[in-house]
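The data block below is run-v3.csv; it holds CSV, C-alpha atoms and all ligand atoms.
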```csv
chain,number,residue,atom,x,y,z
A,1389,MET,CA,1.6,-8.9,-1.8
A,1390,ALA,CA,1.5,-6.1,0.7
A,1391,GLN,CA,0.0,-7.2,4.0
A,1392,ARG,CA,-2.6,-5.2,5.9
A,1393,ILE,CA,-1.9,-5.1,9.6
A,1394,CYS,CA,-4.7,-2.8,10.7
A,1395,GLU,CA,-6.6,0.2,9.3
A,1396,GLY,CA,-4.1,2.3,7.4
A,1397,VAL,CA,-1.0,0.2,8.3
A,1398,PHE,CA,0.7,-2.2,5.8
A,1399,LEU,CA,3.8,-4.3,5.6
A,1400,VAL,CA,5.3,-3.4,2.3
A,1401,GLY,CA,8.9,-4.7,2.5
A,1402,GLY,CA,11.0,-7.4,4.1
A,1403,PRO,CA,13.0,-10.6,3.3
A,1404,ASP,CA,9.9,-12.4,2.0
A,1405,LEU,CA,8.5,-9.4,0.2
A,1406,THR,CA,11.3,-7.4,-1.4
A,1407,ALA,CA,14.9,-8.6,-0.9
A,1408,SER,CA,16.7,-10.9,1.6
A,1409,SER,CA,18.7,-8.0,3.0
A,1410,ASP,CA,15.7,-5.9,3.9
A,1411,CYS,CA,14.3,-5.2,7.3
A,1412,LEU,CA,10.5,-5.2,7.5
A,1413,CYS,CA,9.2,-1.9,6.1
A,1414,TYR,CA,5.8,-0.4,7.0
A,1415,LEU,CA,3.5,2.1,5.3
A,1416,VAL,CA,1.3,4.2,7.4
A,1417,ASN,CA,-1.5,5.8,5.4
A,1418,THR,CA,-4.3,6.9,7.7
A,1419,GLY,CA,-5.6,9.8,5.6
A,1420,ALA,CA,-3.0,12.3,6.5
A,1421,ALA,CA,0.3,12.4,4.5
A,1422,PRO,CA,1.5,8.8,4.0
A,1423,VAL,CA,4.7,7.8,5.8
A,1424,LEU,CA,7.1,5.0,5.1
A,1425,ILE,CA,8.9,3.6,8.0
A,1426,ASP,CA,12.3,2.3,6.8
A,1427,CYS,CA,13.0,1.4,3.2
A,1428,GLY,CA,15.3,-1.6,3.1
A,1429,ALA,CA,18.8,-2.1,1.8
A,1430,GLY,CA,18.2,-0.9,-1.8
A,1431,PRO,CA,18.0,-3.9,-4.2
A,1432,GLY,CA,14.3,-4.5,-3.3
A,1433,LEU,CA,13.2,-0.9,-3.8
A,1434,ASP,CA,11.2,-1.6,-7.0
A,1435,ARG,CA,9.3,-4.4,-5.3
A,1436,LEU,CA,8.7,-2.2,-2.3
A,1437,LEU,CA,7.1,0.5,-4.4
A,1438,ASP,CA,5.0,-2.2,-6.1
A,1439,HIS,CA,3.7,-3.2,-2.7
A,1440,VAL,CA,3.0,0.4,-1.8
A,1441,ALA,CA,0.9,0.7,-4.9
A,1442,GLU,CA,-1.0,-2.5,-4.0
A,1443,THR,CA,-2.3,-0.7,-0.9
A,1444,GLY,CA,-3.8,2.0,-3.1
A,1445,CYS,CA,-1.2,4.6,-2.2
A,1446,ALA,CA,0.7,6.3,-5.0
A,1447,ALA,CA,4.5,6.2,-4.4
A,1448,LEU,CA,4.7,9.9,-5.2
A,1449,ASP,CA,2.2,10.6,-2.3
A,1450,ILE,CA,4.6,9.3,0.3
A,1451,GLU,CA,5.6,12.5,2.0
A,1452,THR,CA,8.0,11.3,4.6
A,1453,LEU,CA,10.5,8.5,5.0
A,1454,VAL,CA,11.3,7.8,8.6
A,1455,LEU,CA,14.6,6.1,9.1
A,1456,THR,CA,14.5,4.4,12.5
A,1457,HIS,CA,18.3,4.3,12.5
A,1458,ALA,CA,21.3,4.3,10.2
A,1459,HIS,CA,21.7,0.6,9.5
A,1460,ILE,CA,21.8,-0.3,5.9
A,1461,ASP,CA,19.0,-2.9,6.0
A,1462,HIS,CA,16.8,0.0,7.0
A,1463,ALA,CA,18.3,3.0,5.2
A,1464,GLY,CA,20.1,1.6,2.2
A,1465,ALA,CA,17.4,2.6,-0.3
A,1466,ALA,CA,16.9,6.1,1.2
A,1467,ALA,CA,18.9,8.1,-1.3
A,1468,GLU,CA,17.4,6.4,-4.3
A,1469,LEU,CA,13.9,6.7,-3.0
A,1470,ARG,CA,14.3,10.4,-2.2
A,1471,ARG,CA,15.5,11.0,-5.8
A,1472,ARG,CA,12.6,9.1,-7.3
A,1473,ILE,CA,9.7,10.4,-5.3
A,1474,GLY,CA,11.0,13.6,-3.6
A,1475,CYS,CA,10.1,12.5,-0.1
A,1476,ARG,CA,11.7,14.1,2.9
A,1477,ILE,CA,13.9,12.0,5.1
A,1478,VAL,CA,13.5,12.2,8.9
A,1479,ALA,CA,16.0,10.6,11.3
A,1480,HIS,CA,17.3,11.3,14.7
A,1481,HIS,CA,20.2,13.7,15.0
A,1482,ALA,CA,22.5,11.1,16.6
A,1483,ASP,CA,22.3,8.8,13.6
A,1484,ALA,CA,21.9,11.5,10.9
A,1485,ASP,CA,25.6,12.0,10.3
A,1486,ALA,CA,26.2,8.3,9.6
A,1487,ILE,CA,23.3,8.4,7.0
A,1488,GLU,CA,24.6,11.6,5.4
A,1489,GLU,CA,28.2,10.4,5.3
A,1490,GLY,CA,27.4,6.8,4.2
A,1491,ASP,CA,29.5,5.6,7.2
A,1492,ARG,CA,30.2,2.0,6.5
A,1493,VAL,CA,30.8,1.0,10.1
A,1494,ARG,CA,28.1,3.0,11.9
A,1495,SER,CA,25.6,1.8,9.2
A,1496,ALA,CA,26.8,-1.8,9.5
A,1497,ALA,CA,27.3,-1.8,5.7
A,1498,HIS,CA,30.7,-3.5,6.4
A,1499,TRP,CA,28.8,-6.4,7.9
A,1500,TYR,CA,26.9,-6.8,4.7
A,1501,GLY,CA,30.0,-6.3,2.5
A,1502,THR,CA,28.5,-3.3,0.8
A,1503,ASP,CA,28.2,0.4,0.9
A,1504,LEU,CA,25.6,2.8,2.2
A,1505,GLU,CA,24.8,5.5,-0.4
A,1506,PRO,CA,24.8,8.8,1.5
A,1507,ALA,CA,21.4,10.4,1.8
A,1508,PRO,CA,20.5,13.9,3.0
A,1509,VAL,CA,18.5,14.0,6.2
A,1510,ASP,CA,15.9,16.7,5.7
A,1511,PHE,CA,14.7,16.8,9.3
A,1512,ARG,CA,16.7,15.8,12.3
A,1513,VAL,CA,14.8,14.8,15.4
A,1514,THR,CA,16.3,16.1,18.6
A,1515,GLY,CA,14.9,15.6,22.1
A,1516,LYS,CA,12.8,12.8,23.4
A,1517,SER,CA,9.8,13.0,21.1
A,1518,HIS,CA,8.6,14.6,17.9
A,1519,ARG,CA,5.1,14.6,16.4
A,1520,LEU,CA,5.3,14.4,12.6
A,1521,GLY,CA,2.3,16.5,11.9
A,1522,PRO,CA,-0.3,18.7,13.7
A,1523,ASP,CA,-3.1,16.1,14.1
A,1524,LEU,CA,-3.5,13.7,17.0
A,1525,SER,CA,-3.7,10.9,14.4
A,1526,ASP,CA,-0.1,11.7,13.2
A,1527,LEU,CA,2.8,9.5,14.1
A,1528,VAL,CA,4.9,10.4,17.1
A,1529,LEU,CA,8.6,9.6,17.0
A,1530,LEU,CA,10.3,8.6,20.3
A,1531,HIS,CA,14.1,8.6,20.8
A,1532,THR,CA,15.0,5.1,22.1
A,1533,PRO,CA,18.8,5.0,22.1
A,1534,GLY,CA,20.6,1.7,22.7
A,1535,HIS,CA,20.9,-0.4,19.5
A,1536,THR,CA,22.3,2.8,18.0
A,1537,PRO,CA,22.6,6.3,19.5
A,1538,GLY,CA,19.9,7.7,17.3
A,1539,SER,CA,17.4,4.8,17.3
A,1540,LEU,CA,13.8,5.9,16.9
A,1541,VAL,CA,10.5,4.2,17.3
A,1542,ALA,CA,7.2,5.5,15.9
A,1543,VAL,CA,3.8,5.4,17.7
A,1544,LEU,CA,0.4,5.6,16.0
A,1545,GLU,CA,-2.9,6.0,17.8
A,1546,THR,CA,-5.6,4.6,15.5
A,1547,GLU,CA,-9.1,6.0,15.1
A,1548,ASP,CA,-10.5,2.9,16.8
A,1549,GLY,CA,-8.4,3.4,19.9
A,1550,HIS,CA,-5.5,1.1,19.3
A,1551,ARG,CA,-1.8,2.0,19.8
A,1552,VAL,CA,0.6,0.7,17.2
A,1553,LEU,CA,4.3,0.7,18.0
A,1554,PHE,CA,6.8,0.5,15.2
A,1555,GLY,CA,9.9,-0.7,17.1
A,1556,GLN,CA,12.3,-1.7,14.5
A,1557,ASP,CA,15.4,-3.2,16.1
A,1558,ILE,CA,14.1,-3.8,19.6
A,1559,HIS,CA,16.0,-7.1,19.6
A,1560,GLY,CA,19.4,-5.5,19.0
A,1561,PRO,CA,22.0,-6.7,18.1
A,1562,PHE,CA,24.6,-4.6,19.9
A,1563,SER,CA,28.1,-3.6,18.8
A,1564,PRO,CA,30.7,-0.9,19.6
A,1565,ASP,CA,30.9,-0.5,15.9
A,1566,PHE,CA,27.6,1.3,15.8
A,1567,GLY,CA,27.7,2.9,19.2
A,1568,SER,CA,25.4,0.5,21.0
A,1569,ASP,CA,24.8,1.2,24.7
A,1570,ILE,CA,23.1,-1.6,26.5
A,1571,ASP,CA,22.2,0.4,29.6
A,1572,GLU,CA,20.5,3.0,27.5
A,1573,TRP,CA,18.8,0.3,25.6
A,1574,LYS,CA,17.3,-1.2,28.8
A,1575,LYS,CA,15.9,2.2,29.7
A,1576,SER,CA,14.4,2.5,26.3
A,1577,MET,CA,12.8,-0.9,26.4
A,1578,ARG,CA,11.2,-0.1,29.8
A,1579,ASP,CA,9.8,3.0,28.2
A,1580,LEU,CA,8.4,0.9,25.4
A,1581,ILE,CA,6.8,-1.6,27.8
A,1582,ALA,CA,5.1,1.4,29.6
A,1583,LEU,CA,3.5,2.4,26.3
A,1584,ASP,CA,1.3,-0.7,26.6
A,1585,ALA,CA,0.9,-0.9,22.8
A,1586,ASP,CA,-1.7,-3.1,21.3
A,1587,ILE,CA,0.3,-4.0,18.2
A,1588,LEU,CA,4.1,-4.1,17.8
A,1589,CYS,CA,5.6,-3.9,14.2
A,1590,GLU,CA,9.1,-5.1,14.7
A,1591,GLY,CA,11.9,-4.8,12.1
A,1592,HIS,CA,12.9,-8.4,11.8
A,1593,TYR,CA,10.7,-10.5,14.0
A,1594,GLY,CA,7.3,-9.7,12.5
A,1595,VAL,CA,4.1,-8.3,13.9
A,1596,PHE,CA,2.7,-9.0,17.4
A,1597,HIS,CA,-1.0,-8.5,18.1
A,1598,GLY,CA,-2.3,-7.9,21.7
A,1599,ARG,CA,-0.8,-6.1,24.7
A,1600,SER,CA,0.4,-9.2,26.4
A,1601,ALA,CA,2.2,-10.5,23.2
A,1602,VAL,CA,3.9,-7.1,22.8
A,1603,ARG,CA,5.0,-6.9,26.4
A,1604,GLU,CA,6.2,-10.5,26.4
A,1605,PHE,CA,8.4,-10.0,23.3
A,1606,ILE,CA,10.1,-6.9,24.8
A,1607,GLU,CA,10.5,-8.5,28.2
A,1608,ASP,CA,12.0,-11.6,26.5
A,1609,GLN,CA,14.6,-9.3,24.8
A,1610,LEU,CA,15.4,-7.7,28.2
A,1611,ALA,CA,15.8,-11.1,29.9
A,1612,ALA,CA,18.2,-12.2,27.2
A,1613,HIS,CA,20.5,-9.3,28.2
A,1614,VAL,CA,20.5,-9.3,32.0
B,1701,ZN,ZN,19.8,-2.2,13.2
```

With the file now loaded, output its structure as C-alpha cells.
Amino acid sequence: MAQRICEGVFLVGGPDLTASSDCLCYLVNTGAAPVLIDCGAGPGLDRLLDHVAETGCAALDIETLVLTHAHIDHAGAAAELRRRIGCRIVAHHADADAIEEGDRVRSAAHWYGTDLEPAPVDFRVTGKSHRLGPDLSDLVLLHTPGHTPGSLVAVLETEDGHRVLFGQDIHGPFSPDFGSDIDEWKKSMRDLIALDADILCEGHYGVFHGRSAVREFIEDQLAAHV
C-alpha cells in the first residue's frame, strides 16, 4: 500500500513496496499538477503506478517526473514511464547527459549489472534553484552537488506551514565513477541543515519527522565523512 506521509505527500515506491532495486519514490499531489520524485529502477513500475492509484491520483495526471540524479535505482523506469503517461522529465543539467545517453558508469548501472534505458530530459535545471510552477505551494528544486554533479533535492512548503525536504541520496555513497565531490557534498549538506525542514523524505533511509530528527540525520552523515 502507498503510505501517506503528510497532506498531499505519499511514499509510492521502494524496496518493500515495488522492487528490491528501487529507491524510495514519492508522489506530491497538493492540488497543483502531481509530481513524482524518482521512479525506481524499472522492474517495479507497474506496482509503483498501482500505489499512485491508491492515493487517488490517476497515473496520467502525473505531469512531471523529477529525477534527483542519474542513478539507475532512481531513474531506471523513466523512459518507460514517460512513454506510458507522457510526463515531462526534469533533471539537473549536470546529470542530464548521463540520463539521455544511458551512461552505465555515471548511472551506476554497472554496479547493478544492468543497463539504463536512455530517457529524454525535457527540462534541464541550471543554476542553484528552480520553482516547478508559479504557485508558492509548488516544489522548489535545489542543486545540491556532491553525490553526483547534478544531484537535486526538492522542497515543499505545505499549507499548514511545514517544510518537507526530499533529499534522496543525502547519505552518498561516493565514487569517482559517478563524479562525486565530497567537498561539494559537505557544502550541500550544510545548505540542507540551514533549511530547517520539518520532514525529510530520504531515498533509502526512510522518512524522518521533526526538525531535530532531520538535522541529526544530516549531521550524522557529515560526521561519517570528516
Ligand atoms: Zn545515487

| said: Please identify all protein, DNA and RNA residues within 8 Å of ligand ZN 1701 (chain B), counting all atoms listed in the file, and report them as a count of residues only. | reply: 13

| request: Find the residues near Ala1486 of chain A: any atom within 10 Å, counting only C-alpha atoms, skip ones fewer than 2 places away on the same chain, and give them as a list in words. | output: His1457, Ala1458, His1459, His1481, Ala1482, Asp1483, Ala1484, Glu1488, Glu1489, Gly1490, Asp1491, Arg1492, Val1493, Arg1494, Ser1495, Leu1504, Pro1506, Ala1507, Gly1538 and Phe1566 of chain A

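Near Ser1517 of chain A, within 7 Å and counting only C-alpha atoms, sit Val1528, Leu1529, Leu1530 and His1531 of chain A, not including residues fewer than 4 positions from it in the same chain.
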
| Hey, which of A:Ile1587, A:Glu1545, A:Tyr1593, A:Leu1610 ends up closest to Ile1570 of chain A? Count all atoms listed in the file. |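 Under the stated criterion, the closest residue is A:Leu1610.
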
| Polymer residues at most 6 Å from segment 1472-1476 of chain A, only C-alpha atoms, same-chain spacing of 2 or more positions, as a list in words | Leu1448, Glu1451, Thr1452, Leu1469, Arg1470 and Asp1510 of chain A

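When atom CA of Leu1553 of chain A is paired with atom CA of Val1541 of chain A, their separation reads 7.2 Å.
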
| message | Residues within 9 Å of Val1440 of chain A, please, as number ranges by chain. Count all atoms listed in the file; anything in the same chain fewer than 3 positions from it doesn't count. | response | A: 1390, 1398-1401, 1415, 1435-1437, 1443-1447

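The residue that comes closest to Val1552 of chain A, out of A:Ala1421, A:Met1389, A:Ala1407, A:Val1397 and on the basis of only C-alpha atoms, is A:Val1397.
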
| message | I'd like to know which of A:Ala1611, A:Val1602, A:Val1543, A:Ile1581 is closest to Leu1527 of chain A, using only C-alpha atoms. | response |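 Checking each candidate against Leu1527 of chain A, we get A:Val1543 as the closest.
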
| request: Using all atoms listed in the file, pick whichever of A:His1550, A:Arg1392, A:His1518, A:His1592 has the shortest atom-to-atom distance to Val1454 of chain A. | output: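 Of A:His1550, A:Arg1392, A:His1518, A:His1592, the one nearest Val1454 of chain A, counting all atoms listed in the file, is A:His1518.
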
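Computed from the coordinates, the atom CA of Asp1565 of chain A to atom CA of Asp1404 of chain A distance equals 27.9 Å.
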
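Picture a line from atom CA of Ile1393 of chain A to atom CA of Cys1589 of chain A; it runs 8.9 Å.
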
| query | Residues around (13.8, 21.4, 5.7), cut-off 10 Å, counting all atoms listed in the file - what are they as a count of residues only? | reply | 7

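Within the 6 Å cut-off around Gly1396 of chain A, using all atoms listed in the file and omitting residues fewer than 2 positions from it on the same chain, the listed residues are Val1416, Asn1417 and Thr1418 of chain A.
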
| field | Counting all atoms listed in the file, the option among A:Ala1582, A:Ala1466, A:Cys1427, A:Ile1606 closest to Gly1555 of chain A | value |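 Using all atoms listed in the file, the shortest distance to Gly1555 of chain A belongs to A:Ile1606.
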
| task | Measuring atom to atom with all atoms listed in the file, identify which of A:Val1595, A:Ala1601, A:His1613, A:Ser1576 is nearest to Phe1562 of chain A. | result |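 Of A:Val1595, A:Ala1601, A:His1613, A:Ser1576, the one nearest Phe1562 of chain A is A:His1613, counting all atoms listed in the file.
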
May I have the centre and edge lengths, in Å to one decimal, of an axis-aligned box around the listed atoms of segment 1557-1568 of chain A with 5 Å added to every side, as JSON?
```
{"center_x": 22.5, "center_y": -2.1, "center_z": 18.4, "size_x": 26.8, "size_y": 20.0, "size_z": 15.2}
```

| said: Around the point (-3.5, 14.3, 18.1) (coordinates from the file), which residues reach within 12 Å if we count all atoms listed in the file? Answer as a VMD selection string. | reply: chain A and resid 1420 1519 to 1528 1543 to 1547

File output, segment 1490-1594 of chain A (C-alpha atoms) as an mmCIF file, in the first residue's frame:
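Dumped to out_10.cif:
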```
data_model
loop_
_atom_site.group_PDB
_atom_site.id
_atom_site.type_symbol
_atom_site.label_atom_id
_atom_site.label_comp_id
_atom_site.auth_asym_id
_atom_site.auth_seq_id
_atom_site.Cartn_x
_atom_site.Cartn_y
_atom_site.Cartn_z
ATOM 1 C CA GLY A 1490 22.115 5.741 -20.663
ATOM 2 C CA ASP A 1491 25.657 6.059 -19.307
ATOM 3 C CA ARG A 1492 26.284 2.758 -17.488
ATOM 4 C CA VAL A 1493 29.053 4.159 -15.280
ATOM 5 C CA ARG A 1494 27.632 7.571 -14.359
ATOM 6 C CA SER A 1495 24.233 5.952 -13.711
ATOM 7 C CA ALA A 1496 25.816 3.173 -11.585
ATOM 8 C CA ALA A 1497 24.010 0.646 -13.803
ATOM 9 C CA HIS A 1498 27.294 -1.275 -13.974
ATOM 10 C CA TRP A 1499 27.127 -1.722 -10.173
ATOM 11 C CA TYR A 1500 23.736 -3.367 -10.624
ATOM 12 C CA GLY A 1501 24.868 -5.452 -13.622
ATOM 13 C CA THR A 1502 22.214 -3.901 -15.830
ATOM 14 C CA ASP A 1503 21.641 -1.070 -18.304
ATOM 15 C CA LEU A 1504 19.953 2.312 -18.013
ATOM 16 C CA GLU A 1505 17.463 2.862 -20.812
ATOM 17 C CA PRO A 1506 18.209 6.337 -22.181
ATOM 18 C CA ALA A 1507 15.450 8.838 -21.432
ATOM 19 C CA PRO A 1508 14.968 12.318 -22.856
ATOM 20 C CA VAL A 1509 15.242 15.105 -20.315
ATOM 21 C CA ASP A 1510 12.522 17.595 -21.224
ATOM 22 C CA PHE A 1511 13.706 20.308 -18.881
ATOM 23 C CA ARG A 1512 17.226 20.806 -17.568
ATOM 24 C CA VAL A 1513 17.612 22.661 -14.306
ATOM 25 C CA THR A 1514 20.507 25.071 -14.311
ATOM 26 C CA GLY A 1515 21.585 27.362 -11.534
ATOM 27 C CA LYS A 1516 21.038 26.955 -7.821
ATOM 28 C CA SER A 1517 17.258 26.721 -7.617
ATOM 29 C CA HIS A 1518 14.189 26.301 -9.788
ATOM 30 C CA ARG A 1519 10.494 26.529 -8.892
ATOM 31 C CA LEU A 1520 8.459 23.934 -10.789
ATOM 32 C CA GLY A 1521 5.372 26.094 -11.133
ATOM 33 C CA PRO A 1522 4.077 29.616 -10.478
ATOM 34 C CA ASP A 1523 2.435 28.974 -7.086
ATOM 35 C CA LEU A 1524 4.131 29.276 -3.733
ATOM 36 C CA SER A 1525 2.860 25.776 -2.955
ATOM 37 C CA ASP A 1526 4.863 24.352 -5.855
ATOM 38 C CA LEU A 1527 8.011 22.340 -5.387
ATOM 39 C CA VAL A 1528 11.323 24.129 -5.450
ATOM 40 C CA LEU A 1529 14.315 22.194 -6.739
ATOM 41 C CA LEU A 1530 17.736 22.976 -5.286
ATOM 42 C CA HIS A 1531 21.034 21.961 -6.829
ATOM 43 C CA THR A 1532 22.977 20.040 -4.183
ATOM 44 C CA PRO A 1533 26.050 18.594 -5.904
ATOM 45 C CA GLY A 1534 28.261 16.034 -4.207
ATOM 46 C CA HIS A 1535 26.842 12.528 -4.542
ATOM 47 C CA THR A 1536 26.687 13.255 -8.272
ATOM 48 C CA PRO A 1537 27.421 16.554 -10.061
ATOM 49 C CA GLY A 1538 23.740 17.113 -10.810
ATOM 50 C CA SER A 1539 22.084 15.950 -7.599
ATOM 51 C CA LEU A 1540 18.856 17.781 -6.800
ATOM 52 C CA VAL A 1541 16.660 17.971 -3.753
ATOM 53 C CA ALA A 1542 13.045 19.160 -3.739
ATOM 54 C CA VAL A 1543 11.414 21.325 -1.093
ATOM 55 C CA LEU A 1544 7.689 21.626 -0.434
ATOM 56 C CA GLU A 1545 6.044 24.211 1.801
ATOM 57 C CA THR A 1546 2.769 22.677 2.958
ATOM 58 C CA GLU A 1547 -0.410 24.658 3.501
ATOM 59 C CA ASP A 1548 -0.208 24.013 7.227
ATOM 60 C CA GLY A 1549 3.224 25.596 7.412
ATOM 61 C CA HIS A 1550 5.544 22.621 7.302
ATOM 62 C CA ARG A 1551 8.637 22.303 5.157
ATOM 63 C CA VAL A 1552 9.203 18.903 3.538
ATOM 64 C CA LEU A 1553 12.644 18.099 2.141
ATOM 65 C CA PHE A 1554 13.027 15.364 -0.457
ATOM 66 C CA GLY A 1555 16.730 14.607 -0.123
ATOM 67 C CA GLN A 1556 17.208 11.411 -1.991
ATOM 68 C CA ASP A 1557 20.830 10.351 -1.573
ATOM 69 C CA ILE A 1558 21.941 12.536 1.298
ATOM 70 C CA HIS A 1559 23.896 9.563 2.630
ATOM 71 C CA GLY A 1560 26.003 9.075 -0.516
ATOM 72 C CA PRO A 1561 27.729 6.794 -1.455
ATOM 73 C CA PHE A 1562 30.605 8.482 -3.239
ATOM 74 C CA SER A 1563 32.633 7.287 -6.185
ATOM 75 C CA PRO A 1564 34.801 8.777 -8.912
ATOM 76 C CA ASP A 1565 32.733 6.615 -11.285
ATOM 77 C CA PHE A 1566 29.797 8.975 -10.979
ATOM 78 C CA GLY A 1567 31.678 12.205 -10.399
ATOM 79 C CA SER A 1568 31.239 12.520 -6.640
ATOM 80 C CA ASP A 1569 32.808 15.502 -4.920
ATOM 81 C CA ILE A 1570 32.958 15.202 -1.150
ATOM 82 C CA ASP A 1571 33.765 18.884 -0.551
ATOM 83 C CA GLU A 1572 30.816 19.974 -2.673
ATOM 84 C CA TRP A 1573 28.657 17.455 -0.834
ATOM 85 C CA LYS A 1574 29.619 18.903 2.568
ATOM 86 C CA LYS A 1575 28.591 22.378 1.373
ATOM 87 C CA SER A 1576 25.315 20.964 0.088
ATOM 88 C CA MET A 1577 24.595 19.225 3.394
ATOM 89 C CA ARG A 1578 25.188 22.464 5.306
ATOM 90 C CA ASP A 1579 22.692 24.153 2.985
ATOM 91 C CA LEU A 1580 20.169 21.407 3.749
ATOM 92 C CA ILE A 1581 20.660 21.759 7.505
ATOM 93 C CA ALA A 1582 20.042 25.501 7.144
ATOM 94 C CA LEU A 1583 16.648 24.749 5.554
ATOM 95 C CA ASP A 1584 15.447 23.544 8.985
ATOM 96 C CA ALA A 1585 12.978 21.138 7.367
ATOM 97 C CA ASP A 1586 10.201 19.564 9.411
ATOM 98 C CA ILE A 1587 10.141 16.319 7.416
ATOM 99 C CA LEU A 1588 12.927 14.610 5.469
ATOM 100 C CA CYS A 1589 11.984 12.074 2.804
ATOM 101 C CA GLU A 1590 15.232 10.249 2.096
ATOM 102 C CA GLY A 1591 15.927 7.951 -0.828
ATOM 103 C CA HIS A 1592 16.940 4.839 1.066
ATOM 104 C CA TYR A 1593 16.765 5.543 4.805
ATOM 105 C CA GLY A 1594 13.081 6.358 5.084
#
```
